[in-house]
$ cat protein.txt   # compact mmCIF, C-alpha atoms
# COMPACT_ATOMS: atom_id res chain seq x y z
CA MET A 743 -106.13 73.00 -162.10
CA ILE A 744 -102.53 73.20 -163.33
CA VAL A 745 -101.25 73.73 -159.77
CA ALA A 746 -103.34 70.80 -158.52
CA LYS A 747 -102.01 68.53 -161.24
CA ARG A 748 -98.41 69.50 -160.51
CA PHE A 749 -98.97 68.88 -156.81
CA THR A 750 -100.51 65.46 -157.48
CA PHE A 751 -97.71 64.51 -159.88
CA SER A 752 -95.02 65.53 -157.36
CA ARG A 753 -96.69 63.46 -154.65
CA LEU A 754 -96.84 60.52 -157.05
CA LEU A 755 -93.09 60.80 -157.68
CA ILE A 756 -92.43 60.91 -153.95
CA TRP A 757 -94.52 57.80 -153.37
CA ILE A 758 -92.78 55.97 -156.22
CA PHE A 759 -89.39 56.89 -154.78
CA LEU A 760 -90.35 55.79 -151.25
CA ILE A 761 -91.88 52.50 -152.41
CA THR A 762 -88.82 51.75 -154.55
CA GLY A 763 -86.54 52.42 -151.60
CA ALA A 764 -88.66 50.25 -149.29
CA VAL A 765 -88.65 47.36 -151.77
CA ALA A 766 -84.88 47.64 -152.29
CA SER A 767 -84.35 47.63 -148.50
CA LEU A 768 -86.72 44.76 -147.69
CA PHE A 769 -85.98 42.48 -150.64
CA PRO A 770 -82.75 41.00 -149.13
CA PHE A 771 -84.72 40.00 -146.01
CA PHE A 772 -87.50 38.54 -148.16
CA TRP A 773 -84.98 36.58 -150.25
CA MET A 774 -83.26 35.39 -147.08
CA LEU A 775 -86.56 33.99 -145.75
CA ILE A 776 -87.30 32.35 -149.10
CA GLY A 777 -83.80 30.84 -149.14
CA THR A 778 -84.55 28.89 -145.96
CA THR A 779 -87.06 26.82 -147.96
CA LEU A 780 -84.87 26.17 -151.03
CA ASN A 781 -82.11 23.73 -151.92
CA PRO A 782 -78.64 25.12 -152.72
CA ASN A 783 -79.13 24.93 -156.50
CA ASP A 784 -82.34 26.97 -156.36
CA VAL A 785 -80.66 29.61 -154.18
CA VAL A 786 -77.76 29.93 -156.65
CA SER A 787 -80.24 30.11 -159.53
CA GLY A 788 -82.01 33.04 -157.91
CA VAL A 789 -85.39 31.42 -157.30
CA VAL A 790 -87.69 33.81 -155.42
CA LEU A 791 -90.63 31.46 -154.80
CA PRO A 792 -90.96 29.36 -151.61
CA GLY A 793 -89.78 25.76 -151.78
CA LYS A 794 -90.25 22.65 -149.66
CA GLU A 795 -86.77 22.16 -148.22
CA PHE A 796 -87.22 23.99 -144.91
CA PRO A 797 -87.38 20.84 -142.69
CA LEU A 798 -84.22 19.46 -144.30
CA ASN A 799 -82.40 22.79 -144.06
CA TRP A 800 -83.44 23.15 -140.40
CA SER A 801 -82.13 19.68 -139.63
CA LYS A 802 -78.80 20.50 -141.27
CA ALA A 803 -78.51 23.80 -139.39
CA VAL A 804 -79.28 22.22 -136.00
CA LYS A 805 -77.45 18.90 -136.33
CA ASN A 806 -74.71 19.32 -138.93
CA TYR A 807 -73.76 22.90 -138.03
CA ASN A 808 -74.59 22.84 -134.31
CA LEU A 809 -76.81 25.95 -134.37
CA PRO A 810 -77.95 25.78 -130.69
CA THR A 811 -74.36 25.81 -129.40
CA TYR A 812 -73.33 28.79 -131.53
CA PHE A 813 -76.48 30.71 -130.60
CA LEU A 814 -76.05 30.12 -126.87
CA ASN A 815 -72.37 31.09 -127.07
CA SER A 816 -73.20 34.39 -128.75
CA LEU A 817 -76.07 35.07 -126.35
CA LYS A 818 -73.93 34.31 -123.29
CA ILE A 819 -71.09 36.58 -124.46
CA ALA A 820 -73.41 39.44 -125.43
CA LEU A 821 -75.45 39.35 -122.20
CA LEU A 822 -72.41 39.20 -119.92
CA THR A 823 -70.82 42.06 -121.84
CA VAL A 824 -73.97 44.15 -121.42
CA LEU A 825 -74.42 43.44 -117.70
CA LEU A 826 -70.80 44.06 -116.75
CA GLY A 827 -70.05 46.70 -119.40
CA VAL A 828 -72.98 48.96 -118.61
CA LEU A 829 -72.08 48.82 -114.91
CA VAL A 830 -68.39 49.61 -115.48
CA ASN A 831 -68.93 52.36 -118.04
CA SER A 832 -71.81 54.04 -116.21
CA LEU A 833 -69.84 54.17 -112.95
CA ALA A 834 -66.87 55.65 -114.81
CA ALA A 835 -69.07 58.21 -116.55
CA PHE A 836 -70.81 59.08 -113.28
CA GLY A 837 -67.44 59.62 -111.61
CA PHE A 838 -66.19 61.83 -114.45
CA GLU A 839 -69.30 64.01 -114.32
CA LYS A 840 -70.24 64.27 -110.65
CA TYR A 841 -66.88 64.07 -108.83
CA ARG A 842 -64.47 66.93 -109.49
CA SER A 843 -60.69 66.63 -109.47
CA LYS A 844 -57.73 68.40 -111.06
CA ALA A 845 -56.91 65.57 -113.47
CA ARG A 846 -60.51 64.72 -114.38
CA GLU A 847 -60.68 66.47 -117.74
CA LYS A 848 -57.17 65.38 -118.74
CA VAL A 849 -57.99 61.72 -118.13
CA PHE A 850 -61.30 62.10 -119.94
CA SER A 851 -59.50 63.64 -122.92
CA VAL A 852 -57.27 60.57 -123.12
CA PHE A 853 -60.41 58.41 -123.23
CA MET A 854 -61.79 60.52 -126.06
CA LEU A 855 -58.53 60.26 -128.02
CA SER A 856 -58.80 56.48 -127.85
CA LEU A 857 -61.98 56.74 -129.95
CA MET A 858 -59.77 57.75 -132.88
CA MET A 859 -57.69 54.59 -132.65
CA PRO A 860 -58.75 51.89 -135.16
CA GLN A 861 -59.66 48.49 -133.72
CA ILE A 862 -57.09 46.69 -135.86
CA ALA A 863 -54.29 48.62 -134.11
CA LEU A 864 -55.27 47.04 -130.78
CA VAL A 865 -55.46 43.44 -132.01
CA ILE A 866 -51.82 42.46 -131.47
CA PRO A 867 -51.42 44.05 -127.99
CA LEU A 868 -54.74 42.53 -126.87
CA PHE A 869 -53.80 39.14 -128.27
CA LYS A 870 -50.49 39.17 -126.37
CA LEU A 871 -52.28 40.28 -123.21
CA MET A 872 -54.88 37.51 -123.43
CA SER A 873 -52.14 34.99 -124.19
CA SER A 874 -50.12 36.04 -121.12
CA MET A 875 -53.28 35.72 -119.01
CA LYS A 876 -53.94 32.20 -120.40
CA LEU A 877 -57.36 33.30 -121.66
CA LEU A 878 -57.07 32.42 -125.35
CA ASN A 879 -59.81 30.10 -126.59
CA THR A 880 -62.14 31.22 -123.81
CA HIS A 881 -65.18 33.44 -123.85
CA ALA A 882 -63.53 35.66 -121.25
CA ALA A 883 -61.03 36.73 -123.92
CA ILE A 884 -63.95 38.16 -125.93
CA ILE A 885 -65.83 39.71 -123.01
CA LEU A 886 -63.04 41.46 -121.08
CA PRO A 887 -61.74 43.79 -123.87
CA ALA A 888 -65.33 44.83 -124.66
CA LEU A 889 -66.26 45.89 -121.13
CA MET A 890 -64.65 49.33 -121.29
CA SER A 891 -66.08 51.50 -124.08
CA PRO A 892 -64.95 55.15 -124.41
CA PHE A 893 -68.05 55.87 -126.48
CA ILE A 894 -70.42 54.55 -123.78
CA ILE A 895 -68.54 56.54 -121.13
CA PHE A 896 -68.92 59.68 -123.25
CA PHE A 897 -72.59 58.92 -123.95
CA MET A 898 -73.43 58.25 -120.31
CA ARG A 899 -71.53 61.31 -119.10
CA GLN A 900 -73.55 63.53 -121.42
CA ASN A 901 -76.72 62.07 -119.94
CA PHE A 902 -75.51 62.41 -116.35
CA GLN A 903 -75.03 66.16 -116.97
CA MET A 904 -78.81 66.50 -116.96
CA PHE A 905 -79.22 64.77 -113.59
CA PRO A 906 -79.62 67.45 -110.85
CA SER A 907 -76.70 67.47 -108.46
CA GLU A 908 -78.99 68.99 -105.82
CA ILE A 909 -80.77 65.66 -105.46
CA MET A 910 -77.45 63.96 -104.69
CA GLU A 911 -76.57 66.60 -102.11
CA ALA A 912 -79.94 66.18 -100.42
CA ALA A 913 -79.44 62.41 -100.31
CA ARG A 914 -75.99 62.83 -98.75
CA ILE A 915 -77.44 65.10 -96.08
CA ASP A 916 -79.97 62.36 -95.28
CA GLY A 917 -77.06 59.93 -94.80
CA ALA A 918 -77.14 58.05 -98.12
CA GLY A 919 -73.87 56.53 -99.36
CA GLU A 920 -72.49 56.99 -102.86
CA MET A 921 -73.47 53.50 -104.08
CA TYR A 922 -76.96 53.94 -102.64
CA ILE A 923 -77.29 57.23 -104.51
CA PHE A 924 -76.16 55.66 -107.79
CA PHE A 925 -78.25 52.48 -107.69
CA ARG A 926 -81.36 53.71 -105.84
CA ILE A 927 -81.67 57.30 -107.05
CA VAL A 928 -79.71 57.85 -110.28
CA PHE A 929 -80.37 54.49 -111.96
CA PRO A 930 -84.20 54.51 -111.62
CA SER A 931 -84.31 58.08 -112.91
CA MET A 932 -82.21 57.32 -116.01
CA LYS A 933 -83.29 53.84 -117.06
CA ALA A 934 -83.70 54.93 -120.68
CA SER A 935 -80.04 55.98 -120.89
CA PHE A 936 -78.91 52.66 -119.41
CA VAL A 937 -81.13 50.77 -121.85
CA SER A 938 -79.68 52.68 -124.82
CA ALA A 939 -76.13 51.90 -123.66
CA GLY A 940 -77.06 48.24 -123.17
CA ILE A 941 -78.57 47.93 -126.64
CA TYR A 942 -75.49 49.50 -128.22
CA MET A 943 -73.13 47.14 -126.39
CA PHE A 944 -75.33 44.12 -127.16
CA LEU A 945 -75.35 44.85 -130.89
CA SER A 946 -71.60 45.48 -130.98
CA GLN A 947 -70.80 42.22 -129.23
CA TRP A 948 -73.46 40.17 -131.01
CA ASN A 949 -72.08 41.17 -134.42
CA SER A 950 -68.41 41.04 -133.42
CA TYR A 951 -66.33 38.99 -135.84
CA LEU A 952 -62.63 39.87 -136.04
CA TRP A 953 -61.66 39.55 -132.37
CA PRO A 954 -63.61 36.31 -131.67
CA LEU A 955 -62.12 34.84 -134.86
CA MET A 956 -58.62 35.44 -133.52
CA THR A 957 -59.20 34.21 -129.97
CA ILE A 958 -61.57 31.23 -130.38
CA LEU A 959 -60.08 28.05 -131.82
CA SER A 960 -62.32 25.18 -130.69
CA GLU A 961 -65.55 24.43 -132.53
CA GLU A 962 -67.76 24.24 -129.45
CA LYS A 963 -66.87 27.82 -128.38
CA LYS A 964 -67.49 29.60 -131.68
CA THR A 965 -70.05 32.38 -132.03
CA LEU A 966 -72.67 32.78 -134.76
CA PRO A 967 -70.70 35.22 -136.98
CA ILE A 968 -67.68 32.89 -136.96
CA ALA A 969 -69.90 29.87 -137.68
CA ILE A 970 -71.56 31.59 -140.65
CA SER A 971 -68.15 32.56 -142.03
CA SER A 972 -66.91 28.98 -141.65
CA MET A 973 -69.96 27.65 -143.50
CA MET A 974 -69.40 30.06 -146.39
CA ARG A 975 -65.81 28.84 -146.78
CA ALA A 976 -66.85 25.20 -147.06
CA TYR A 977 -66.28 23.24 -150.28
CA THR A 978 -70.03 22.62 -150.62
CA ILE A 979 -72.14 25.46 -149.26
CA GLU A 980 -75.54 24.53 -147.85
CA TYR A 981 -77.21 27.84 -148.60
CA GLY A 982 -80.55 26.84 -147.07
CA ALA A 983 -78.94 26.03 -143.73
CA VAL A 984 -76.87 29.22 -143.92
CA MET A 985 -80.03 31.26 -144.48
CA ILE A 986 -81.67 29.68 -141.43
CA ILE A 987 -78.68 30.49 -139.22
CA VAL A 988 -78.61 34.07 -140.56
CA CYS A 989 -82.33 34.45 -139.81
CA ILE A 990 -81.81 33.13 -136.28
CA SER A 991 -78.86 35.50 -135.79
CA ILE A 992 -80.92 38.61 -136.55
CA MET A 993 -83.95 37.60 -134.45
CA PRO A 994 -82.55 38.75 -131.05
CA VAL A 995 -81.64 42.12 -132.57
CA ILE A 996 -85.14 42.64 -133.97
CA VAL A 997 -86.85 41.49 -130.76
CA LEU A 998 -84.57 43.64 -128.60
CA TYR A 999 -85.18 46.76 -130.65
CA LEU A 1000 -88.95 46.28 -130.92
CA ALA A 1001 -89.27 45.57 -127.20
CA MET A 1002 -87.19 48.57 -126.12
CA GLN A 1003 -87.68 51.01 -128.95
CA LYS A 1004 -89.18 53.77 -126.79
CA GLU A 1005 -86.47 53.48 -124.13
CA PHE A 1006 -83.76 53.46 -126.81
CA VAL A 1007 -85.02 56.64 -128.44
CA ALA A 1008 -85.58 58.33 -125.07
CA GLY A 1009 -82.06 57.39 -123.97
CA LEU A 1010 -80.56 58.90 -127.12
CA LEU A 1011 -82.46 62.11 -126.34
CA GLY A 1012 -81.08 62.05 -122.80
CA SER A 1013 -84.31 61.72 -120.88
CA VAL A 1014 -84.26 62.03 -117.10
CA LYS A 1015 -87.32 60.78 -115.27
CA GLY A 1016 -88.39 63.23 -112.65
$ encode --input "protein.txt" --output "structure tokens"
Amino acid sequence: MIVAKRFTFSRLLIWIFLITGAVASLFPFFWMLIGTTLNPNDVVSGVVLPGKEFPLNWSKAVKNYNLPTYFLNSLKIALLTVLLGVLVNSLAAFGFEKYRSKAREKVFSVFMLSLMMPQIALVIPLFKLMSSMKLLNTHAAIILPALMSPFIIFFMRQNFQMFPSEIMEAARIDGAGEMYIFFRIVFPSMKASFVSAGIYMFLSQWNSYLWPLMTILSEEKKTLPIAISSMMRAYTIEYGAVMIIVCISIMPVIVLYLAMQKEFVAGLLGSVKG
């Protein structure tokens, strides 16, 4: 009986700890949703009960703060970065892994060293480069520096190591070209790895703040993180509208992860479809 009681008490402590952690993690999201229905004074006062201000806050977010424009700007930048970035990085990783040369490992080591460089150290050189290319205040200035990712190259190369080279040799014997092999044989077999890389690049670009803040000047080209920051620096902060924009900003991330959760996990594990 004593052993059973101790076991029950320990399980109770574990459940209390887990429930406390879950509540602490989910409460900010709950309070954010509640804030969309409150006026600014209630938000500041810490009211945690739903209000009746949602229609007014939605109108302010859409009309006063131009929510659709900011959302579409962020979505456009993130999607283009994913489409072009996954292609560029996967081709580079495939070349590093499957095509041998004397300088291959030396060049790859330089790529890996660049992972140690902080982002802030690249801001001034990138800014000068974009300025010389006349790309400041354009979305291209945000997309181009994000296309090449040493981490994605490293991640994809690790996954390509598990792809059998014998299949490529057999395809070459049958007369297949290198691009045909990559897009028609390698890509279908490793969709999970490509999905994982795409999700990582999407999240990085969707949440990017520092670089877009430095390159985008006009109001109609701002992204959601910059817009939220601008709203929080205003003399009068419309917290209800801010909460709505924050909720909208996290929706694509939640939908993307829920829709591709299996592929994301499989890609991290390096699955190769036979």
$ closest_residue --input "protein.txt" --among "A:Ser767, A:Asn781, A:Ser971, A:Ser950" --to "Pro887 in chain A" --atoms "all atoms listed in the file"
A:Ser950
$ atom_distance --input "protein.txt" --atom1 "CA of Leu821 in chain A" --atom2 "CA of Gln903 in chain A"
27.3 Å
$ atom_distance --input "protein.txt" --atom1 "CA of Thr823 in chain A" --atom2 "CA of Ala939 in chain A"
11.3 Å
$ residues_around --input "protein.txt" --residues "range 771-778 of chain A" --least-positions-apart "4" --cutoff "10 Å" --atoms "only C-alpha atoms" --output "compact mmCIF listing (two decimals) with C-alpha atoms, in the coordinates of the input"
# COMPACT_ATOMS: atom_id res chain seq x y z
CA VAL A 765 -88.65 47.36 -151.77
CA ALA A 766 -84.88 47.64 -152.29
CA SER A 767 -84.35 47.63 -148.50
CA PRO A 782 -78.64 25.12 -152.72
CA ASP A 784 -82.34 26.97 -156.36
CA VAL A 785 -80.66 29.61 -154.18
CA VAL A 786 -77.76 29.93 -156.65
CA GLY A 788 -82.01 33.04 -157.91
CA VAL A 789 -85.39 31.42 -157.30
CA VAL A 790 -87.69 33.81 -155.42
CA LEU A 791 -90.63 31.46 -154.80
CA PRO A 792 -90.96 29.36 -151.61
CA GLY A 793 -89.78 25.76 -151.78
CA LYS A 794 -90.25 22.65 -149.66
CA GLU A 795 -86.77 22.16 -148.22
CA PHE A 796 -87.22 23.99 -144.91
CA PRO A 797 -87.38 20.84 -142.69
CA LEU A 798 -84.22 19.46 -144.30
CA ASN A 799 -82.40 22.79 -144.06
CA TRP A 800 -83.44 23.15 -140.40
CA TYR A 981 -77.21 27.84 -148.60
CA GLY A 982 -80.55 26.84 -147.07
CA ALA A 983 -78.94 26.03 -143.73
CA VAL A 984 -76.87 29.22 -143.92
CA MET A 985 -80.03 31.26 -144.48
CA ILE A 986 -81.67 29.68 -141.43
CA ILE A 987 -78.68 30.49 -139.22
CA VAL A 988 -78.61 34.07 -140.56
CA CYS A 989 -82.33 34.45 -139.81
$ closest_residue --input "protein.txt" --among "A:Leu814, A:Leu878, A:Val995, A:Val928" --to "Phe836 in chain A" --atoms "only C-alpha atoms"
A:Val928
$ closest_residue --input "protein.txt" --among "A:His881, A:Ala764, A:Tyr951, A:Glu908" --to "Ile923 in chain A" --atoms "all atoms listed in the file"
A:Glu908
$ residues_around --input "protein.txt" --residues "range 956-958 of chain A" --least-positions-apart "6" --cutoff "12 Å" --atoms "only C-alpha atoms" --output "list in words"
Asn815, Ile862, Val865, Ile866, Leu868, Phe869, Lys870, Leu871, Met872, Ser873, Lys876, Leu877, Leu878, Asn879, Thr880, His881, Ala882, Ala883, Ile884, Ile885, Pro887, Ser950, Lys964, Thr965, Pro967, Ile968 and Ala969 of chain A
$ closest_residue --input "protein.txt" --among "A:Phe850, A:Gly940, A:Glu911, A:Pro810" --to "Leu829 in chain A" --atoms "all atoms listed in the file"
A:Gly940
$ atom_distance --input "protein.txt" --atom1 "CA of Ser991 in chain A" --atom2 "CA of Glu961 in chain A"
17.6 Å
$ residues_around --input "protein.txt" --residues "Gly837 in chain A" --least-positions-apart "4" --cutoff "10 Å" --atoms "all atoms listed in the file" --output "ChimeraX atom specification"
/A:831-833,841-843,846,899,902
$ closest_residue --input "protein.txt" --among "A:Leu998, A:Glu980, A:Ser972, A:Lys844" --to "Ser801 in chain A" --atoms "all atoms listed in the file"
A:Glu980
$ axis_aligned_box --input "protein.txt" --around "range 959-975 of chain A" --padding-each-side "6 Å" --output "AutoDock Vina command-line options"
--center_x -66.4 --center_y 29.7 --center_z -137.6 --size_x 24.6 --size_y 23.0 --size_z 30.4
$ closest_residue --input "protein.txt" --among "A:Arg926, A:Lys1004, A:Lys963, A:Lys805" --to "Lys818 in chain A" --atoms "only C-alpha atoms"
A:Lys963
$ residues_around --input "protein.txt" --residues "Met854 in chain A" --least-positions-apart "2" --cutoff "8 Å" --atoms "only C-alpha atoms" --output "list in words"
Phe850, Ser851, Val852, Ser856, Leu857, Met858, Pro892, Phe893 and Phe896 of chain A
$ build_atoms --input "protein.txt" --residues "range 873-898 of chain A" --atoms "N, CA and C atoms" --output "short mmCIF file (atom, residue, chain, number, x, y, z; two decimals), in the coordinates of the input"
data_model
loop_
_atom_site.label_atom_id
_atom_site.label_comp_id
_atom_site.auth_asym_id
_atom_site.auth_seq_id
_atom_site.Cartn_x
_atom_site.Cartn_y
_atom_site.Cartn_z
N SER A 873 -53.02 36.16 -124.21
CA SER A 873 -52.14 34.99 -124.19
C SER A 873 -51.37 34.90 -122.87
N SER A 874 -50.86 36.04 -122.38
CA SER A 874 -50.12 36.04 -121.12
C SER A 874 -51.02 35.71 -119.94
N MET A 875 -52.32 36.02 -120.07
CA MET A 875 -53.28 35.72 -119.01
C MET A 875 -53.90 34.33 -119.15
N LYS A 876 -53.44 33.56 -120.15
CA LYS A 876 -53.94 32.20 -120.40
C LYS A 876 -55.45 32.19 -120.67
N LEU A 877 -55.93 33.19 -121.40
CA LEU A 877 -57.36 33.30 -121.66
C LEU A 877 -57.73 33.03 -123.12
N LEU A 878 -56.75 32.72 -123.96
CA LEU A 878 -57.07 32.42 -125.35
C LEU A 878 -57.96 31.18 -125.42
N ASN A 879 -58.85 31.19 -126.40
CA ASN A 879 -59.81 30.10 -126.59
C ASN A 879 -60.81 30.00 -125.44
N THR A 880 -61.09 31.15 -124.83
CA THR A 880 -62.14 31.22 -123.81
C THR A 880 -63.05 32.40 -124.13
N HIS A 881 -64.26 32.33 -123.63
CA HIS A 881 -65.18 33.44 -123.85
C HIS A 881 -64.78 34.69 -123.07
N ALA A 882 -64.01 34.51 -122.01
CA ALA A 882 -63.53 35.66 -121.25
C ALA A 882 -62.64 36.55 -122.09
N ALA A 883 -61.90 35.95 -123.04
CA ALA A 883 -61.03 36.73 -123.92
C ALA A 883 -61.84 37.65 -124.83
N ILE A 884 -63.08 37.31 -125.11
CA ILE A 884 -63.95 38.16 -125.93
C ILE A 884 -64.64 39.21 -125.07
N ILE A 885 -65.03 38.83 -123.87
CA ILE A 885 -65.83 39.71 -123.01
C ILE A 885 -64.98 40.82 -122.40
N LEU A 886 -63.83 40.48 -121.84
CA LEU A 886 -63.04 41.46 -121.08
C LEU A 886 -62.66 42.70 -121.90
N PRO A 887 -62.11 42.56 -123.13
CA PRO A 887 -61.74 43.79 -123.87
C PRO A 887 -62.94 44.66 -124.24
N ALA A 888 -64.15 44.07 -124.25
CA ALA A 888 -65.33 44.83 -124.66
C ALA A 888 -66.01 45.54 -123.51
N LEU A 889 -65.57 45.30 -122.28
CA LEU A 889 -66.26 45.89 -121.13
C LEU A 889 -66.10 47.40 -121.07
N MET A 890 -64.90 47.89 -121.35
CA MET A 890 -64.65 49.33 -121.29
C MET A 890 -64.85 49.93 -122.68
N SER A 891 -65.79 50.86 -122.79
CA SER A 891 -66.08 51.50 -124.08
C SER A 891 -66.02 53.02 -123.91
N PRO A 892 -65.03 53.68 -124.51
CA PRO A 892 -64.95 55.15 -124.41
C PRO A 892 -66.22 55.84 -124.92
N PHE A 893 -66.83 55.26 -125.95
CA PHE A 893 -68.05 55.87 -126.48
C PHE A 893 -69.19 55.82 -125.46
N ILE A 894 -69.35 54.68 -124.78
CA ILE A 894 -70.42 54.55 -123.78
C ILE A 894 -70.14 55.48 -122.60
N ILE A 895 -68.88 55.61 -122.21
CA ILE A 895 -68.54 56.54 -121.13
C ILE A 895 -68.91 57.97 -121.53
N PHE A 896 -68.56 58.35 -122.76
CA PHE A 896 -68.92 59.68 -123.25
C PHE A 896 -70.43 59.85 -123.31
N PHE A 897 -71.13 58.86 -123.82
CA PHE A 897 -72.59 58.92 -123.95
C PHE A 897 -73.26 59.04 -122.58
N MET A 898 -72.83 58.22 -121.63
CA MET A 898 -73.43 58.25 -120.31
C MET A 898 -73.09 59.55 -119.57
#
